[in-house]
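Novice: Contents of my_file-v7.cif (mmCIF, C-alpha atoms) are below:
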data_target
#
loop_
_atom_site.label_atom_id
_atom_site.label_comp_id
_atom_site.auth_asym_id
_atom_site.auth_seq_id
_atom_site.Cartn_x
_atom_site.Cartn_y
_atom_site.Cartn_z
CA MET A 1 141.90 155.80 80.27
CA THR A 2 141.17 152.30 81.54
CA GLU A 3 143.41 151.42 84.52
CA LEU A 4 143.76 147.88 85.77
CA PRO A 5 145.24 147.07 89.19
CA ALA A 6 148.91 146.07 89.47
CA LYS A 7 149.67 142.43 90.36
CA THR A 8 152.82 140.45 90.91
CA ASP A 9 153.87 137.75 88.46
CA ALA A 10 154.36 134.06 89.32
CA GLY A 11 157.95 134.73 90.44
CA GLY A 12 156.84 137.51 92.79
CA ALA A 13 158.40 140.27 90.66
CA LYS A 14 156.40 143.37 89.94
CA PRO A 15 155.39 143.30 86.25
CA PHE A 16 156.01 146.15 83.88
CA ARG A 17 153.31 148.74 83.21
CA VAL A 18 152.20 149.06 79.59
CA ARG A 19 150.31 152.02 78.18
CA LEU A 20 148.54 151.20 74.92
CA GLU A 21 147.30 154.10 72.81
CA ARG A 22 144.56 153.17 70.33
CA PRO A 23 141.91 155.03 68.37
CA ASP A 24 139.26 153.63 70.75
CA GLY A 25 141.07 154.81 73.89
CA ILE A 26 144.13 154.57 76.06
CA PHE A 27 144.56 151.38 78.08
CA SER A 28 147.03 150.44 80.81
CA PHE A 29 147.85 146.90 81.83
CA ASP A 30 150.61 144.91 83.49
CA ALA A 31 152.89 142.56 81.59
CA SER A 32 155.35 140.11 83.09
CA ALA A 33 158.89 139.94 81.73
CA ASN A 34 158.36 136.27 80.86
CA GLU A 35 155.11 136.64 78.92
CA TYR A 36 154.29 137.92 75.45
CA LEU A 37 152.46 141.24 75.34
CA LEU A 38 149.51 139.82 73.39
CA TYR A 39 148.56 137.46 76.23
CA ALA A 40 148.99 140.13 78.90
CA MET A 41 146.55 142.23 76.87
CA ILE A 42 144.09 139.36 76.52
CA ASP A 43 144.30 138.67 80.28
CA ALA A 44 143.54 142.37 80.87
CA GLY A 45 140.44 142.13 78.68
CA ILE A 46 141.89 144.06 75.74
CA ASP A 47 141.25 142.60 72.29
CA SER A 48 143.91 142.55 69.62
CA PRO A 49 143.97 140.85 66.25
CA TYR A 50 146.28 137.84 65.93
CA ILE A 51 146.61 134.81 63.72
CA CYS A 52 149.88 132.89 63.78
CA GLU A 53 151.09 133.57 67.36
CA GLN A 54 154.68 133.19 66.12
CA GLY A 55 155.75 136.67 65.00
CA TRP A 56 155.17 135.81 61.38
CA CYS A 57 151.90 137.16 60.00
CA ILE A 58 152.06 140.75 61.43
CA ALA A 59 148.35 140.73 62.37
CA CYS A 60 149.24 141.91 65.89
CA ALA A 61 151.60 144.72 64.84
CA ALA A 62 152.05 147.71 67.12
CA ARG A 63 154.56 150.53 67.47
CA LEU A 64 156.92 150.90 70.40
CA LEU A 65 156.91 154.56 71.46
CA ALA A 66 158.92 154.18 74.67
CA GLY A 67 160.63 151.40 76.60
CA ASP A 68 162.70 148.28 75.97
CA VAL A 69 161.48 144.94 74.65
CA ASP A 70 162.73 141.46 73.76
CA ARG A 71 161.69 140.56 70.20
CA SER A 72 163.63 137.28 70.06
CA GLY A 73 160.46 135.16 70.04
CA ALA A 74 159.48 136.33 66.54
CA LEU A 75 160.10 134.11 63.54
CA THR A 76 160.69 137.22 61.45
CA VAL A 77 162.10 140.37 62.91
CA TYR A 78 164.29 142.61 60.80
CA PRO A 79 166.66 145.40 61.81
CA GLU A 80 164.50 147.74 59.72
CA ASP A 81 161.43 146.81 61.80
CA ILE A 82 163.32 147.59 65.00
CA GLU A 83 164.57 150.93 63.66
CA ALA A 84 161.00 151.87 62.66
CA GLY A 85 159.67 150.90 66.10
CA PHE A 86 157.45 148.01 65.04
CA VAL A 87 156.73 145.14 67.44
CA LEU A 88 154.66 141.99 67.05
CA LEU A 89 152.69 141.62 70.25
CA CYS A 90 152.49 137.81 70.07
CA SER A 91 156.27 137.46 70.22
CA THR A 92 157.49 140.48 72.18
CA MET A 93 158.18 140.54 75.92
CA PRO A 94 158.64 143.71 77.97
CA ARG A 95 161.98 144.62 79.53
CA SER A 96 160.77 147.91 81.03
CA ASP A 97 157.58 149.93 81.32
CA LEU A 98 156.28 150.56 77.80
CA VAL A 99 154.24 152.93 75.71
CA LEU A 100 152.75 151.33 72.60
CA SER A 101 150.43 152.52 69.87
CA GLN A 102 148.20 150.30 67.81
CA ASP A 103 145.54 150.95 65.23
CA GLU A 104 144.18 147.47 64.59
CA ARG A 105 144.12 148.00 60.83
CA GLN A 106 146.48 150.85 60.02
CA THR A 107 149.50 149.67 62.02
CA ARG A 108 149.51 146.34 60.18
CA ARG A 109 149.25 148.16 56.83
CA ASP A 110 152.07 150.49 57.84
CA MET A 111 154.30 147.57 58.80
CA MET A 112 153.51 145.73 55.56
CA GLN A 113 154.28 148.85 53.50
CA HIS A 114 157.48 149.35 55.48
CA ARG A 115 158.57 145.78 54.73
CA ILE A 116 157.73 146.18 51.03
CA GLU A 117 159.81 149.35 50.86
CA HIS A 118 162.77 147.52 52.46
CA ASN A 119 162.32 144.30 50.44
CA ARG A 120 161.62 142.36 53.64
CA LEU A 121 158.51 140.38 52.81
CA ALA A 122 158.53 136.97 54.43
CA ARG A 123 157.39 134.39 51.89
CA ALA A 124 158.79 131.24 53.47
CA TYR A 125 159.83 130.28 56.95
CA PRO A 126 163.41 131.38 57.61
CA PRO A 127 165.89 128.47 57.58
CA GLY A 128 165.90 126.49 60.83
CA THR A 129 162.81 128.15 62.30
CA ARG A 130 160.43 125.22 61.96
CA SER A 131 162.27 123.58 64.87
CA ARG A 132 161.41 126.65 67.01
CA PHE A 133 157.70 126.41 66.20
CA ARG A 134 155.56 127.57 69.07
CA ARG A 135 152.11 128.92 69.48
CA GLY A 136 150.67 130.70 72.42
CA ARG A 137 151.93 131.75 75.79
CA ALA A 138 155.53 131.81 76.85
CA ALA A 139 154.70 131.22 80.51
CA ALA A 140 152.00 129.33 82.31
CA ARG A 141 149.18 131.64 83.32
CA SER A 142 148.87 132.14 87.04
CA ASP A 143 145.55 133.17 88.46
CA THR A 144 146.21 135.55 91.34
CA ARG A 145 142.56 136.03 92.38
CA ASP A 146 141.57 135.17 95.90
CA ASP A 147 138.44 133.02 95.54
CA HIS A 148 137.78 133.18 99.28
CA SER A 149 136.67 136.83 99.24
#
Would you mind giving the structure from this file in structure tokens?
Specialist:
Amino acid sequence: MTELPAKTDAGGAKPFRVRLERPDGIFSFDASANEYLLYAMIDAGIDSPYICEQGWCIACAARLLAGDVDRSGALTVYPEDIEAGFVLLCSTMPRSDLVLSQDERQTRRDMMQHRIEHNRLARAYPPGTRSRFRRGRAAARSDTRDDHS
């Protein structure tokens, strides 16, 4: 398991600890409550597929095994997705310590099949969502390194 040191976020609060289980290993990283999980992973040096950065394309799909999250940043999130434990890393923020699983190919396929079975394929932007268009980080990145060492 790859462990990364705990830091504090820009507001001084201790971030949540995330355990990510993947076929290539188990990774742990910290994620601030005001940042999307995808960018916390990237900052920790963990690659994940992503395309739209809006919670639309499902390229960054993962499964929530334990913990609480805020999915409100996603353009498409359905009650059926929540019940099945799917999260989109680009538009999900932690609200507690988390355990996630992600197979970079299979999880996306599983989520797509799940949406097909529940007639929840997104073919057009939901009404009113174009005004909420965003890409990228929710919070400004703070570099907590001490360059004087």
Novice: So how far away is atom CA of Phe29 of chain A from atom CA of Arg105 of chain A, in Å?
Specialist: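 Distance between the two atoms: 21.4 Å.
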Novice: Given the file above and the PyMOL selection byres ((chain A and resi 23) around 12), which residues are selected, and can you give them as a ChimeraX atom specification?
Specialist: /A:1,20-22,24-27,101-107
Novice: Could you pull out every residue with an atom within 6 Å of (159.1, 138.7, 60.7), file coordinates, counting all atoms listed in the file, and send them as a PDB file with C-alpha atoms, keeping the file's coordinate frame?
Specialist:
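Now in point-v9.pdb:
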ATOM      1  CA  GLY A  55     155.750 136.670  65.000  1.00  0.00           C
ATOM      2  CA  TRP A  56     155.170 135.810  61.380  1.00  0.00           C
ATOM      3  CA  LEU A  75     160.100 134.110  63.540  1.00  0.00           C
ATOM      4  CA  THR A  76     160.690 137.220  61.450  1.00  0.00           C
ATOM      5  CA  VAL A  77     162.100 140.370  62.910  1.00  0.00           C
TER       6      VAL A  77
END
Novice: Report the distance between atom CA of Ala66 of chain A and atom CA of Ile82 of chain A in Å, rounded to one decimal place.
Specialist: 12.5 Å
Novice: At what distance in Å, to one decimal, does atom CA of Met112 of chain A lie from atom CA of Cys60 of chain A?
Specialist: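 According to the coordinates, atom CA of Cys60 of chain A and atom CA of Met112 of chain A are separated by 11.8 Å.
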Novice: Quick one: residues within 9 Å of segment 32-43 of chain A, all atoms listed in the file counted, chain neighbours fewer than 2 positions away excluded, as an NGL selection string?
Specialist: :A and (8-10 or 13-18 or 29-30 or 45-48 or 50 or 53 or 60 or 70 or 73 or 88-96 or 136-141)
Novice: Using the chain letters and numbers from the file, give me the residues hit by the PyMOL selection byres ((chain A and resi 64) around 6), as a list in words.
Specialist: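 Written out, the selection comes to Arg63, Leu65, Ala66, Gly85 and Leu100 of chain A.
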Novice: Could you tell me, as a PyMOL selection string, which residues have any atom at most 12 Å from (161.8, 147.5, 61.1), counting all atoms listed in the file?
Specialist: chain A and resi 58+61-64+71+76-88+110-121
Novice: Evaluate the PyMOL selection byres ((chain A and resi 67) around 7) on the structure here and hand back the selected residues as a tab-separated table (two decimals) with C-alpha atoms, in the coordinates of the input.
Specialist:
chain	number	residue	atom	x	y	z
A	66	ALA	CA	158.92	154.18	74.67
A	68	ASP	CA	162.70	148.28	75.97
A	69	VAL	CA	161.48	144.94	74.65
A	96	SER	CA	160.77	147.91	81.03
A	97	ASP	CA	157.58	149.93	81.32
A	98	LEU	CA	156.28	150.56	77.80
A	99	VAL	CA	154.24	152.93	75.71
Novice: Between A:Ala44, A:Ile51, A:Ala74, A:Ala59, single out the one closest to Arg108 of chain A, counting all atoms listed in the file.
Specialist: A:Ala59
